[in-house]
Structure formats: C-alpha cells, structure tokens
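Beneath this line is the structure, given in structure tokens, with notes to follow.
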Amino acid sequence: MVYEDRDKFIKDNIPFIIKTIVGVTKRYVEVENSEELGIALEAFNDLLDTYDEEKGNFHSYAKVVIKNKLIDHIRKQAKVTVVSIEEYHAIKENSDNEAIVRQELIHYREILKEHGISYELLASHKPVHKQTKDMVVELALMILRSKQMVLHLKEKKRLPITQINKEYGASVRFIKSHKHTITAIILAHEYNIQCVIDYLGYER
C-alpha cells in the first residue's frame, strides 16, 4: 500500500490507533509513555506495506492486526511475570490467563457482531452430537483453505453456500443449519482468537 505522505497518514490515524488500544487494555493511553502505543504504531506501520484490498476494509483489518499484536504482547508479558515471581505462580497464571481470554472474547464478540452473530445465537444453534460437531468443524477448516470463500464471507458477511455445496459436497440443508457455527469457527481461525481455537481443540 503506497501513500504520498506516510507519516501524515499515520499521524491522522493516531486517534483510531489509541481507540483500538483502549478497546483491548480498557485503560487510558499515556501517549508520552505507552508501550502499547509503540507496539500498535509499529503494527500499523508494518501493515501499510502488507495490506491489499483482498483483506477487506482497511481500518477493520488494521483493528484486527493491532489487537492481535497487543494480545500477543499481553500473553508474553504474562509468561514473563509468572516465571519471575514463583511464589505467586498459580494465582498469577490464572489471573493473566483469564485477562487474556476475556480480551480475546471481547474482540471475538465484536467480529461476530459484524456478521450478525451473538454468543446467545451460537449457543442456541450449536451442534448437539459430537459427530455433527466434528463434521461442522471439518467443513469450516476446509473452507478456511479457500481464500476466495473466506474473502466472500468477510466482504458479504455470509457464507457462499452454493459454492460450498459444489466444492465440498455438503448439503445445502446442513450448511444452512450450521451456518452460524461454521462462520464462527472460520472467523476464530482467520482472526487468531486462540482461546476459541483451543476450546474447539482443532488446529487449522
């Protein structure tokens, strides 16, 4: 991505970057002395070189990239703290993990909301039987391998049901019945929501 005045573009987006940081950390950002701001600015600067239109709306993509960088930072900091203070190991580990998971789930909820999905909706449509769940997850992971289908989902906010049916042989009825769960799994992997991926127990 090329800009005539890169520095000005970054400066103009500082409010957006700070708002994204606050969304993750839930605390005020001290511009003069913020490690998180430095990480976010570096991530924003890097993505200017890697972004292309296939990745969807620029600011939506930037928000995800920055959040993932910050969550990775929080996770690394948590590990350092646990190692350096052994006497608080168990308590600290649980506390840090809960904080990370909480931030990831807040982030995930925002992503799902953009696709018209809530946690309540997922709960009411989740597969009941293990075999069905396995089939749903397997189909979602196959769809993930198709950049075209994932792009369609991100841009249109819906699954390309006809294409999935033709490509993978899954029935239209099955896809429609489990479209929310399939979408949620794809988005968890696409946006690296690690706690959801770990919960499912399936890697891409």
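Identifiers in this document derive from the order of the structure tokens: chains are assigned A, B, ..., residues are numbered from 1 separately in each chain, and ligands are numbered from 1 in order of occurrence.
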- Task: Excluding Glu36 (chain A) and residues on its chain fewer than 6 positions from it, collect all residues at most 12 Å away from it, counting only C-alpha atoms, and give them as a PyMOL selection string.
- Result: chain A and resi 17-30+42-43+66-74+77
- Task: Would you return as a PyMOL selection string the members of region 24-200 of chain A that DSSP assigns to helix (DSSP H, G or I) on this structure's backbone?
- Result: chain A and resi 24-25+31-33+35-50+53-55+58-84+86-114+119-125+130-144+147-156+161-168+172-177+179-190+194-200
- Long-range neighbours of Leu105 (chain A) as a VMD selection string, 12 Å cut-off, only C-alpha atoms, 6 positions minimum in chain: chain A and resid 23 to 24 67 71 98 to 99 111 to 113 118 to 119 188 191 to 197 199
Since we have the selection now, will you write its residues out, keeping C-alpha atoms, as a PDB file, in the first residue's frame?
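After the write, out23.pdb holds the following:
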ATOM      1  CA  GLY A  23     -10.580  -1.445  23.360  1.00  0.00           C
ATOM      2  CA  VAL A  24      -8.024  -4.098  24.286  1.00  0.00           C
ATOM      3  CA  LYS A  67      -5.485  -6.121  18.577  1.00  0.00           C
ATOM      4  CA  ILE A  71      -2.904  -9.589  22.824  1.00  0.00           C
ATOM      5  CA  GLU A  98      -8.335 -15.030  32.467  1.00  0.00           C
ATOM      6  CA  ALA A  99      -7.435 -11.488  31.424  1.00  0.00           C
ATOM      7  CA  ILE A 111     -16.086  -9.701  14.986  1.00  0.00           C
ATOM      8  CA  LEU A 112     -19.133 -11.947  15.284  1.00  0.00           C
ATOM      9  CA  LYS A 113     -21.408  -8.929  15.672  1.00  0.00           C
ATOM     10  CA  SER A 118     -24.097 -13.234  19.017  1.00  0.00           C
ATOM     11  CA  TYR A 119     -22.881 -15.661  21.665  1.00  0.00           C
ATOM     12  CA  ALA A 188     -11.898 -17.616  15.086  1.00  0.00           C
ATOM     13  CA  TYR A 191      -8.570 -13.601  13.279  1.00  0.00           C
ATOM     14  CA  ASN A 192      -6.495 -15.896  15.505  1.00  0.00           C
ATOM     15  CA  ILE A 193      -8.838 -15.981  18.503  1.00  0.00           C
ATOM     16  CA  GLN A 194      -6.670 -18.503  20.287  1.00  0.00           C
ATOM     17  CA  CYS A 195      -8.923 -19.253  23.252  1.00  0.00           C
ATOM     18  CA  VAL A 196     -11.725 -20.311  20.889  1.00  0.00           C
ATOM     19  CA  ILE A 197      -9.357 -22.400  18.767  1.00  0.00           C
ATOM     20  CA  TYR A 199     -11.565 -24.715  23.143  1.00  0.00           C
TER      21      TYR A 199
END
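The two atoms in question, CA of Lys63 (chain A) and CA of His152 (chain A), are spaced 19.4 Å apart.
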May I have the residues within 12 Å of region 160-177 of chain A as a PDB file with all heavy atoms, in the first residue's frame, using only C-alpha atoms and disregarding those fewer than 2 positions away in the same chain?
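The file below, result08.pdb, is the result:
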ATOM      1  N   LEU A 122     -25.143 -18.399  18.912  1.00  0.00           N
ATOM      2  CA  LEU A 122     -24.284 -19.575  18.767  1.00  0.00           C
ATOM      3  C   LEU A 122     -24.696 -20.682  19.726  1.00  0.00           C
ATOM      4  O   LEU A 122     -24.739 -21.859  19.355  1.00  0.00           O
ATOM      5  CB  LEU A 122     -22.821 -19.196  19.035  1.00  0.00           C
ATOM      6  CG  LEU A 122     -22.050 -18.523  17.905  1.00  0.00           C
ATOM      7  CD1 LEU A 122     -20.636 -18.204  18.360  1.00  0.00           C
ATOM      8  CD2 LEU A 122     -22.018 -19.400  16.661  1.00  0.00           C
ATOM      9  N   SER A 124     -27.567 -21.283  20.966  1.00  0.00           N
ATOM     10  CA  SER A 124     -28.854 -21.883  20.608  1.00  0.00           C
ATOM     11  C   SER A 124     -28.778 -22.714  19.323  1.00  0.00           C
ATOM     12  O   SER A 124     -29.689 -23.489  19.032  1.00  0.00           O
ATOM     13  CB  SER A 124     -29.921 -20.796  20.450  1.00  0.00           C
ATOM     14  OG  SER A 124     -29.611 -19.936  19.360  1.00  0.00           O
ATOM     15  N   HIS A 125     -27.693 -22.551  18.561  1.00  0.00           N
ATOM     16  CA  HIS A 125     -27.560 -23.285  17.298  1.00  0.00           C
ATOM     17  C   HIS A 125     -26.379 -24.259  17.294  1.00  0.00           C
ATOM     18  O   HIS A 125     -26.046 -24.817  16.250  1.00  0.00           O
ATOM     19  CB  HIS A 125     -27.386 -22.305  16.131  1.00  0.00           C
ATOM     20  CG  HIS A 125     -28.642 -21.576  15.760  1.00  0.00           C
ATOM     21  ND1 HIS A 125     -29.118 -20.511  16.489  1.00  0.00           N
ATOM     22  CD2 HIS A 125     -29.527 -21.765  14.750  1.00  0.00           C
ATOM     23  CE1 HIS A 125     -30.238 -20.064  15.933  1.00  0.00           C
ATOM     24  NE2 HIS A 125     -30.506 -20.805  14.890  1.00  0.00           N
ATOM     25  N   LYS A 126     -25.757 -24.465  18.442  1.00  0.00           N
ATOM     26  CA  LYS A 126     -24.575 -25.327  18.461  1.00  0.00           C
ATOM     27  C   LYS A 126     -24.957 -26.782  18.192  1.00  0.00           C
ATOM     28  O   LYS A 126     -26.035 -27.232  18.594  1.00  0.00           O
ATOM     29  CB  LYS A 126     -23.849 -25.212  19.800  1.00  0.00           C
ATOM     30  CG  LYS A 126     -24.616 -25.767  20.985  1.00  0.00           C
ATOM     31  CD  LYS A 126     -23.810 -25.617  22.273  1.00  0.00           C
ATOM     32  CE  LYS A 126     -24.581 -26.185  23.464  1.00  0.00           C
ATOM     33  NZ  LYS A 126     -23.822 -26.026  24.723  1.00  0.00           N
ATOM     34  N   PRO A 127     -24.086 -27.528  17.513  1.00  0.00           N
ATOM     35  CA  PRO A 127     -24.358 -28.947  17.255  1.00  0.00           C
ATOM     36  C   PRO A 127     -24.471 -29.716  18.566  1.00  0.00           C
ATOM     37  O   PRO A 127     -23.681 -29.500  19.488  1.00  0.00           O
ATOM     38  CB  PRO A 127     -23.125 -29.399  16.463  1.00  0.00           C
ATOM     39  CG  PRO A 127     -22.550 -28.146  15.889  1.00  0.00           C
ATOM     40  CD  PRO A 127     -22.822 -27.082  16.897  1.00  0.00           C
ATOM     41  N   THR A 132     -21.737 -34.631  14.693  1.00  0.00           N
ATOM     42  CA  THR A 132     -22.165 -33.453  13.939  1.00  0.00           C
ATOM     43  C   THR A 132     -21.181 -32.309  14.140  1.00  0.00           C
ATOM     44  O   THR A 132     -20.814 -31.614  13.187  1.00  0.00           O
ATOM     45  CB  THR A 132     -23.569 -33.000  14.385  1.00  0.00           C
ATOM     46  OG1 THR A 132     -24.479 -34.089  14.247  1.00  0.00           O
ATOM     47  CG2 THR A 132     -24.051 -31.838  13.540  1.00  0.00           C
ATOM     48  N   LYS A 133     -20.758 -32.122  15.384  1.00  0.00           N
ATOM     49  CA  LYS A 133     -19.781 -31.068  15.677  1.00  0.00           C
ATOM     50  C   LYS A 133     -18.504 -31.289  14.872  1.00  0.00           C
ATOM     51  O   LYS A 133     -17.956 -30.350  14.283  1.00  0.00           O
ATOM     52  CB  LYS A 133     -19.452 -31.042  17.166  1.00  0.00           C
ATOM     53  CG  LYS A 133     -18.357 -30.040  17.520  1.00  0.00           C
ATOM     54  CD  LYS A 133     -17.911 -30.176  18.968  1.00  0.00           C
ATOM     55  CE  LYS A 133     -16.694 -29.311  19.239  1.00  0.00           C
ATOM     56  NZ  LYS A 133     -16.171 -29.455  20.612  1.00  0.00           N
ATOM     57  N   MET A 135     -18.148 -32.848  12.075  1.00  0.00           N
ATOM     58  CA  MET A 135     -18.417 -32.584  10.660  1.00  0.00           C
ATOM     59  C   MET A 135     -18.448 -31.083  10.379  1.00  0.00           C
ATOM     60  O   MET A 135     -17.933 -30.620   9.355  1.00  0.00           O
ATOM     61  CB  MET A 135     -19.749 -33.224  10.255  1.00  0.00           C
ATOM     62  CG  MET A 135     -19.725 -34.747  10.227  1.00  0.00           C
ATOM     63  SD  MET A 135     -21.382 -35.460   9.978  1.00  0.00           S
ATOM     64  CE  MET A 135     -21.792 -34.815   8.356  1.00  0.00           C
ATOM     65  N   VAL A 136     -19.038 -30.337  11.305  1.00  0.00           N
ATOM     66  CA  VAL A 136     -19.119 -28.879  11.152  1.00  0.00           C
ATOM     67  C   VAL A 136     -17.722 -28.265  11.183  1.00  0.00           C
ATOM     68  O   VAL A 136     -17.371 -27.431  10.343  1.00  0.00           O
ATOM     69  CB  VAL A 136     -20.001 -28.267  12.266  1.00  0.00           C
ATOM     70  CG1 VAL A 136     -19.852 -26.750  12.296  1.00  0.00           C
ATOM     71  CG2 VAL A 136     -21.461 -28.642  12.055  1.00  0.00           C
ATOM     72  N   VAL A 137     -16.925 -28.691  12.148  1.00  0.00           N
ATOM     73  CA  VAL A 137     -15.563 -28.156  12.271  1.00  0.00           C
ATOM     74  C   VAL A 137     -14.726 -28.526  11.054  1.00  0.00           C
ATOM     75  O   VAL A 137     -13.988 -27.695  10.512  1.00  0.00           O
ATOM     76  CB  VAL A 137     -14.888 -28.671  13.561  1.00  0.00           C
ATOM     77  CG1 VAL A 137     -13.418 -28.255  13.601  1.00  0.00           C
ATOM     78  CG2 VAL A 137     -15.612 -28.139  14.791  1.00  0.00           C
ATOM     79  N   GLU A 138     -14.842 -29.766  10.616  1.00  0.00           N
ATOM     80  CA  GLU A 138     -14.080 -30.216   9.447  1.00  0.00           C
ATOM     81  C   GLU A 138     -14.439 -29.397   8.209  1.00  0.00           C
ATOM     82  O   GLU A 138     -13.556 -28.984   7.441  1.00  0.00           O
ATOM     83  CB  GLU A 138     -14.354 -31.697   9.183  1.00  0.00           C
ATOM     84  CG  GLU A 138     -13.531 -32.268   8.031  1.00  0.00           C
ATOM     85  CD  GLU A 138     -13.788 -33.751   7.802  1.00  0.00           C
ATOM     86  OE1 GLU A 138     -14.569 -34.351   8.571  1.00  0.00           O
ATOM     87  OE2 GLU A 138     -13.216 -34.306   6.850  1.00  0.00           O
ATOM     88  N   LEU A 139     -15.723 -29.128   8.026  1.00  0.00           N
ATOM     89  CA  LEU A 139     -16.157 -28.326   6.879  1.00  0.00           C
ATOM     90  C   LEU A 139     -15.623 -26.900   6.995  1.00  0.00           C
ATOM     91  O   LEU A 139     -15.140 -26.326   6.009  1.00  0.00           O
ATOM     92  CB  LEU A 139     -17.687 -28.309   6.797  1.00  0.00           C
ATOM     93  CG  LEU A 139     -18.294 -27.480   5.650  1.00  0.00           C
ATOM     94  CD1 LEU A 139     -17.790 -27.983   4.300  1.00  0.00           C
ATOM     95  CD2 LEU A 139     -19.817 -27.535   5.703  1.00  0.00           C
ATOM     96  N   ALA A 140     -15.684 -26.345   8.189  1.00  0.00           N
ATOM     97  CA  ALA A 140     -15.182 -24.981   8.397  1.00  0.00           C
ATOM     98  C   ALA A 140     -13.690 -24.891   8.075  1.00  0.00           C
ATOM     99  O   ALA A 140     -13.234 -23.931   7.440  1.00  0.00           O
ATOM    100  CB  ALA A 140     -15.437 -24.549   9.840  1.00  0.00           C
ATOM    101  N   LEU A 141     -12.934 -25.889   8.486  1.00  0.00           N
ATOM    102  CA  LEU A 141     -11.493 -25.885   8.231  1.00  0.00           C
ATOM    103  C   LEU A 141     -11.185 -26.056   6.744  1.00  0.00           C
ATOM    104  O   LEU A 141     -10.199 -25.504   6.239  1.00  0.00           O
ATOM    105  CB  LEU A 141     -10.808 -26.985   9.050  1.00  0.00           C
ATOM    106  CG  LEU A 141     -10.881 -26.830  10.572  1.00  0.00           C
ATOM    107  CD1 LEU A 141     -10.128 -27.959  11.263  1.00  0.00           C
ATOM    108  CD2 LEU A 141     -10.318 -25.487  11.012  1.00  0.00           C
ATOM    109  N   MET A 142     -12.021 -26.795   6.038  1.00  0.00           N
ATOM    110  CA  MET A 142     -11.840 -26.926   4.589  1.00  0.00           C
ATOM    111  C   MET A 142     -12.110 -25.589   3.901  1.00  0.00           C
ATOM    112  O   MET A 142     -11.378 -25.185   2.994  1.00  0.00           O
ATOM    113  CB  MET A 142     -12.770 -28.017   4.036  1.00  0.00           C
ATOM    114  CG  MET A 142     -12.332 -29.432   4.382  1.00  0.00           C
ATOM    115  SD  MET A 142     -13.212 -30.709   3.434  1.00  0.00           S
ATOM    116  CE  MET A 142     -14.873 -30.546   4.081  1.00  0.00           C
ATOM    117  N   ILE A 143     -13.154 -24.913   4.340  1.00  0.00           N
ATOM    118  CA  ILE A 143     -13.488 -23.602   3.763  1.00  0.00           C
ATOM    119  C   ILE A 143     -12.350 -22.612   4.004  1.00  0.00           C
ATOM    120  O   ILE A 143     -12.041 -21.780   3.149  1.00  0.00           O
ATOM    121  CB  ILE A 143     -14.806 -23.072   4.366  1.00  0.00           C
ATOM    122  CG1 ILE A 143     -15.973 -23.984   3.974  1.00  0.00           C
ATOM    123  CG2 ILE A 143     -15.081 -21.640   3.901  1.00  0.00           C
ATOM    124  CD1 ILE A 143     -17.264 -23.700   4.727  1.00  0.00           C
ATOM    125  N   LEU A 144     -11.721 -22.724   5.163  1.00  0.00           N
ATOM    126  CA  LEU A 144     -10.615 -21.821   5.507  1.00  0.00           C
ATOM    127  C   LEU A 144      -9.468 -21.896   4.500  1.00  0.00           C
ATOM    128  O   LEU A 144      -8.713 -20.938   4.339  1.00  0.00           O
ATOM    129  CB  LEU A 144     -10.081 -22.160   6.901  1.00  0.00           C
ATOM    130  CG  LEU A 144     -10.636 -21.348   8.070  1.00  0.00           C
ATOM    131  CD1 LEU A 144     -10.246 -21.998   9.383  1.00  0.00           C
ATOM    132  CD2 LEU A 144     -10.140 -19.915   8.011  1.00  0.00           C
ATOM    133  N   ARG A 145      -9.329 -23.030   3.842  1.00  0.00           N
ATOM    134  CA  ARG A 145      -8.236 -23.197   2.878  1.00  0.00           C
ATOM    135  C   ARG A 145      -8.511 -22.461   1.566  1.00  0.00           C
ATOM    136  O   ARG A 145      -7.621 -22.338   0.728  1.00  0.00           O
ATOM    137  CB  ARG A 145      -8.001 -24.680   2.603  1.00  0.00           C
ATOM    138  CG  ARG A 145      -7.619 -25.476   3.856  1.00  0.00           C
ATOM    139  CD  ARG A 145      -7.212 -26.904   3.516  1.00  0.00           C
ATOM    140  NE  ARG A 145      -7.033 -27.693   4.716  1.00  0.00           N
ATOM    141  CZ  ARG A 145      -7.887 -28.608   5.156  1.00  0.00           C
ATOM    142  NH1 ARG A 145      -8.990 -28.848   4.461  1.00  0.00           N
ATOM    143  NH2 ARG A 145      -7.658 -29.287   6.258  1.00  0.00           N
ATOM    144  N   SER A 146      -9.736 -21.996   1.402  1.00  0.00           N
ATOM    145  CA  SER A 146     -10.106 -21.271   0.185  1.00  0.00           C
ATOM    146  C   SER A 146     -10.110 -19.767   0.461  1.00  0.00           C
ATOM    147  O   SER A 146     -11.009 -19.253   1.128  1.00  0.00           O
ATOM    148  CB  SER A 146     -11.490 -21.713  -0.304  1.00  0.00           C
ATOM    149  OG  SER A 146     -11.955 -20.851  -1.325  1.00  0.00           O
ATOM    150  N   GLN A 148     -10.747 -17.453  -1.540  1.00  0.00           N
ATOM    151  CA  GLN A 148     -11.904 -16.854  -2.205  1.00  0.00           C
ATOM    152  C   GLN A 148     -13.151 -16.940  -1.325  1.00  0.00           C
ATOM    153  O   GLN A 148     -13.902 -15.971  -1.193  1.00  0.00           O
ATOM    154  CB  GLN A 148     -12.162 -17.556  -3.538  1.00  0.00           C
ATOM    155  CG  GLN A 148     -13.320 -16.953  -4.329  1.00  0.00           C
ATOM    156  CD  GLN A 148     -13.604 -17.719  -5.612  1.00  0.00           C
ATOM    157  OE1 GLN A 148     -13.014 -18.763  -5.871  1.00  0.00           O
ATOM    158  NE2 GLN A 148     -14.496 -17.199  -6.427  1.00  0.00           N
ATOM    159  N   MET A 149     -13.365 -18.094  -0.705  1.00  0.00           N
ATOM    160  CA  MET A 149     -14.544 -18.267   0.141  1.00  0.00           C
ATOM    161  C   MET A 149     -14.446 -17.425   1.412  1.00  0.00           C
ATOM    162  O   MET A 149     -15.437 -16.840   1.860  1.00  0.00           O
ATOM    163  CB  MET A 149     -14.726 -19.743   0.504  1.00  0.00           C
ATOM    164  CG  MET A 149     -15.145 -20.615  -0.654  1.00  0.00           C
ATOM    165  SD  MET A 149     -15.595 -22.282  -0.093  1.00  0.00           S
ATOM    166  CE  MET A 149     -15.734 -23.137  -1.665  1.00  0.00           C
ATOM    167  N   VAL A 150     -13.258 -17.379   1.986  1.00  0.00           N
ATOM    168  CA  VAL A 150     -13.061 -16.581   3.200  1.00  0.00           C
ATOM    169  C   VAL A 150     -13.266 -15.099   2.893  1.00  0.00           C
ATOM    170  O   VAL A 150     -13.899 -14.373   3.666  1.00  0.00           O
ATOM    171  CB  VAL A 150     -11.654 -16.815   3.798  1.00  0.00           C
ATOM    172  CG1 VAL A 150     -11.395 -15.852   4.952  1.00  0.00           C
ATOM    173  CG2 VAL A 150     -11.517 -18.256   4.280  1.00  0.00           C
ATOM    174  N   LEU A 151     -12.753 -14.668   1.752  1.00  0.00           N
ATOM    175  CA  LEU A 151     -12.938 -13.275   1.343  1.00  0.00           C
ATOM    176  C   LEU A 151     -14.418 -12.964   1.141  1.00  0.00           C
ATOM    177  O   LEU A 151     -14.906 -11.898   1.546  1.00  0.00           O
ATOM    178  CB  LEU A 151     -12.163 -13.000   0.054  1.00  0.00           C
ATOM    179  CG  LEU A 151     -12.259 -11.570  -0.507  1.00  0.00           C
ATOM    180  CD1 LEU A 151     -11.700 -10.566   0.495  1.00  0.00           C
ATOM    181  CD2 LEU A 151     -11.518 -11.468  -1.835  1.00  0.00           C
ATOM    182  N   HIS A 152     -15.134 -13.902   0.526  1.00  0.00           N
ATOM    183  CA  HIS A 152     -16.578 -13.737   0.326  1.00  0.00           C
ATOM    184  C   HIS A 152     -17.275 -13.569   1.676  1.00  0.00           C
ATOM    185  O   HIS A 152     -18.128 -12.682   1.842  1.00  0.00           O
ATOM    186  CB  HIS A 152     -17.138 -14.961  -0.406  1.00  0.00           C
ATOM    187  CG  HIS A 152     -18.608 -14.886  -0.693  1.00  0.00           C
ATOM    188  ND1 HIS A 152     -19.567 -15.104   0.275  1.00  0.00           N
ATOM    189  CD2 HIS A 152     -19.291 -14.614  -1.841  1.00  0.00           C
ATOM    190  CE1 HIS A 152     -20.769 -14.979  -0.256  1.00  0.00           C
ATOM    191  NE2 HIS A 152     -20.630 -14.680  -1.535  1.00  0.00           N
ATOM    192  N   LEU A 153     -16.911 -14.406   2.635  1.00  0.00           N
ATOM    193  CA  LEU A 153     -17.512 -14.333   3.967  1.00  0.00           C
ATOM    194  C   LEU A 153     -17.234 -12.985   4.623  1.00  0.00           C
ATOM    195  O   LEU A 153     -18.137 -12.357   5.195  1.00  0.00           O
ATOM    196  CB  LEU A 153     -16.965 -15.462   4.847  1.00  0.00           C
ATOM    197  CG  LEU A 153     -17.362 -15.422   6.331  1.00  0.00           C
ATOM    198  CD1 LEU A 153     -18.870 -15.527   6.491  1.00  0.00           C
ATOM    199  CD2 LEU A 153     -16.663 -16.541   7.097  1.00  0.00           C
ATOM    200  N   LYS A 154     -16.003 -12.518   4.523  1.00  0.00           N
ATOM    201  CA  LYS A 154     -15.626 -11.269   5.182  1.00  0.00           C
ATOM    202  C   LYS A 154     -16.269 -10.053   4.519  1.00  0.00           C
ATOM    203  O   LYS A 154     -16.623  -9.084   5.193  1.00  0.00           O
ATOM    204  CB  LYS A 154     -14.101 -11.138   5.196  1.00  0.00           C
ATOM    205  CG  LYS A 154     -13.435 -12.161   6.106  1.00  0.00           C
ATOM    206  CD  LYS A 154     -11.945 -12.265   5.873  1.00  0.00           C
ATOM    207  CE  LYS A 154     -11.205 -11.072   6.401  1.00  0.00           C
ATOM    208  NZ  LYS A 154      -9.735 -11.253   6.305  1.00  0.00           N
ATOM    209  N   GLU A 155     -16.416 -10.106   3.210  1.00  0.00           N
ATOM    210  CA  GLU A 155     -16.975  -8.961   2.492  1.00  0.00           C
ATOM    211  C   GLU A 155     -18.505  -8.965   2.503  1.00  0.00           C
ATOM    212  O   GLU A 155     -19.138  -7.933   2.726  1.00  0.00           O
ATOM    213  CB  GLU A 155     -16.475  -8.950   1.048  1.00  0.00           C
ATOM    214  CG  GLU A 155     -15.004  -8.572   0.911  1.00  0.00           C
ATOM    215  CD  GLU A 155     -14.593  -8.436  -0.540  1.00  0.00           C
ATOM    216  OE1 GLU A 155     -15.326  -8.924  -1.428  1.00  0.00           O
ATOM    217  OE2 GLU A 155     -13.526  -7.844  -0.795  1.00  0.00           O
ATOM    218  N   LYS A 156     -19.090 -10.129   2.255  1.00  0.00           N
ATOM    219  CA  LYS A 156     -20.553 -10.227   2.141  1.00  0.00           C
ATOM    220  C   LYS A 156     -21.225 -10.524   3.483  1.00  0.00           C
ATOM    221  O   LYS A 156     -22.446 -10.431   3.605  1.00  0.00           O
ATOM    222  CB  LYS A 156     -20.936 -11.328   1.147  1.00  0.00           C
ATOM    223  CG  LYS A 156     -20.308 -11.188  -0.233  1.00  0.00           C
ATOM    224  CD  LYS A 156     -20.823  -9.972  -0.972  1.00  0.00           C
ATOM    225  CE  LYS A 156     -20.267  -9.939  -2.397  1.00  0.00           C
ATOM    226  NZ  LYS A 156     -20.720  -8.742  -3.142  1.00  0.00           N
ATOM    227  N   LYS A 157     -20.408 -10.909   4.465  1.00  0.00           N
ATOM    228  CA  LYS A 157     -20.919 -11.253   5.799  1.00  0.00           C
ATOM    229  C   LYS A 157     -21.852 -12.465   5.760  1.00  0.00           C
ATOM    230  O   LYS A 157     -22.753 -12.605   6.580  1.00  0.00           O
ATOM    231  CB  LYS A 157     -21.648 -10.059   6.442  1.00  0.00           C
ATOM    232  CG  LYS A 157     -20.867  -8.758   6.428  1.00  0.00           C
ATOM    233  CD  LYS A 157     -19.531  -8.877   7.123  1.00  0.00           C
ATOM    234  CE  LYS A 157     -18.777  -7.552   7.114  1.00  0.00           C
ATOM    235  NZ  LYS A 157     -17.393  -7.670   7.613  1.00  0.00           N
ATOM    236  N   ARG A 158     -21.611 -13.347   4.805  1.00  0.00           N
ATOM    237  CA  ARG A 158     -22.384 -14.590   4.727  1.00  0.00           C
ATOM    238  C   ARG A 158     -21.564 -15.642   3.985  1.00  0.00           C
ATOM    239  O   ARG A 158     -20.666 -15.316   3.210  1.00  0.00           O
ATOM    240  CB  ARG A 158     -23.719 -14.370   4.023  1.00  0.00           C
ATOM    241  CG  ARG A 158     -23.616 -13.951   2.569  1.00  0.00           C
ATOM    242  CD  ARG A 158     -24.991 -13.856   1.918  1.00  0.00           C
ATOM    243  NE  ARG A 158     -24.897 -13.535   0.501  1.00  0.00           N
ATOM    244  CZ  ARG A 158     -24.869 -12.314  -0.001  1.00  0.00           C
ATOM    245  NH1 ARG A 158     -24.924 -11.274   0.825  1.00  0.00           N
ATOM    246  NH2 ARG A 158     -24.787 -12.106  -1.303  1.00  0.00           N
ATOM    247  N   LYS A 179     -24.775 -22.766   9.710  1.00  0.00           N
ATOM    248  CA  LYS A 179     -24.033 -21.645   9.128  1.00  0.00           C
ATOM    249  C   LYS A 179     -23.415 -20.730  10.186  1.00  0.00           C
ATOM    250  O   LYS A 179     -22.313 -20.202   9.995  1.00  0.00           O
ATOM    251  CB  LYS A 179     -24.930 -20.838   8.190  1.00  0.00           C
ATOM    252  CG  LYS A 179     -26.133 -20.185   8.867  1.00  0.00           C
ATOM    253  CD  LYS A 179     -27.001 -19.450   7.850  1.00  0.00           C
ATOM    254  CE  LYS A 179     -28.206 -18.794   8.517  1.00  0.00           C
ATOM    255  NZ  LYS A 179     -29.068 -18.102   7.526  1.00  0.00           N
ATOM    256  N   HIS A 180     -24.110 -20.550  11.308  1.00  0.00           N
ATOM    257  CA  HIS A 180     -23.575 -19.665  12.344  1.00  0.00           C
ATOM    258  C   HIS A 180     -22.327 -20.271  12.988  1.00  0.00           C
ATOM    259  O   HIS A 180     -21.329 -19.571  13.210  1.00  0.00           O
ATOM    260  CB  HIS A 180     -24.638 -19.395  13.411  1.00  0.00           C
ATOM    261  CG  HIS A 180     -25.877 -18.749  12.881  1.00  0.00           C
ATOM    262  ND1 HIS A 180     -25.853 -17.562  12.176  1.00  0.00           N
ATOM    263  CD2 HIS A 180     -27.180 -19.125  12.938  1.00  0.00           C
ATOM    264  CE1 HIS A 180     -27.081 -17.233  11.833  1.00  0.00           C
ATOM    265  NE2 HIS A 180     -27.902 -18.162  12.269  1.00  0.00           N
ATOM    266  N   THR A 181     -22.389 -21.558  13.272  1.00  0.00           N
ATOM    267  CA  THR A 181     -21.241 -22.232  13.884  1.00  0.00           C
ATOM    268  C   THR A 181     -20.069 -22.292  12.914  1.00  0.00           C
ATOM    269  O   THR A 181     -18.918 -22.041  13.301  1.00  0.00           O
ATOM    270  CB  THR A 181     -21.623 -23.663  14.315  1.00  0.00           C
ATOM    271  OG1 THR A 181     -22.767 -23.606  15.176  1.00  0.00           O
ATOM    272  CG2 THR A 181     -20.472 -24.324  15.057  1.00  0.00           C
ATOM    273  N   ILE A 182     -20.346 -22.610  11.660  1.00  0.00           N
ATOM    274  CA  ILE A 182     -19.290 -22.666  10.644  1.00  0.00           C
ATOM    275  C   ILE A 182     -18.619 -21.301  10.510  1.00  0.00           C
ATOM    276  O   ILE A 182     -17.386 -21.193  10.492  1.00  0.00           O
ATOM    277  CB  ILE A 182     -19.864 -23.112   9.282  1.00  0.00           C
ATOM    278  CG1 ILE A 182     -20.352 -24.561   9.361  1.00  0.00           C
ATOM    279  CG2 ILE A 182     -18.810 -22.970   8.179  1.00  0.00           C
ATOM    280  CD1 ILE A 182     -21.151 -25.005   8.146  1.00  0.00           C
ATOM    281  N   THR A 183     -19.433 -20.271  10.429  1.00  0.00           N
ATOM    282  CA  THR A 183     -18.908 -18.904  10.318  1.00  0.00           C
ATOM    283  C   THR A 183     -18.054 -18.554  11.524  1.00  0.00           C
ATOM    284  O   THR A 183     -16.959 -17.991  11.389  1.00  0.00           O
ATOM    285  CB  THR A 183     -20.061 -17.893  10.189  1.00  0.00           C
ATOM    286  OG1 THR A 183     -20.795 -18.157   8.991  1.00  0.00           O
ATOM    287  CG2 THR A 183     -19.536 -16.466  10.157  1.00  0.00           C
TER     288      THR A 183
END
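The space separating CA of Asp12 (chain A) from CA of Val64 (chain A) comes to 18.6 Å.
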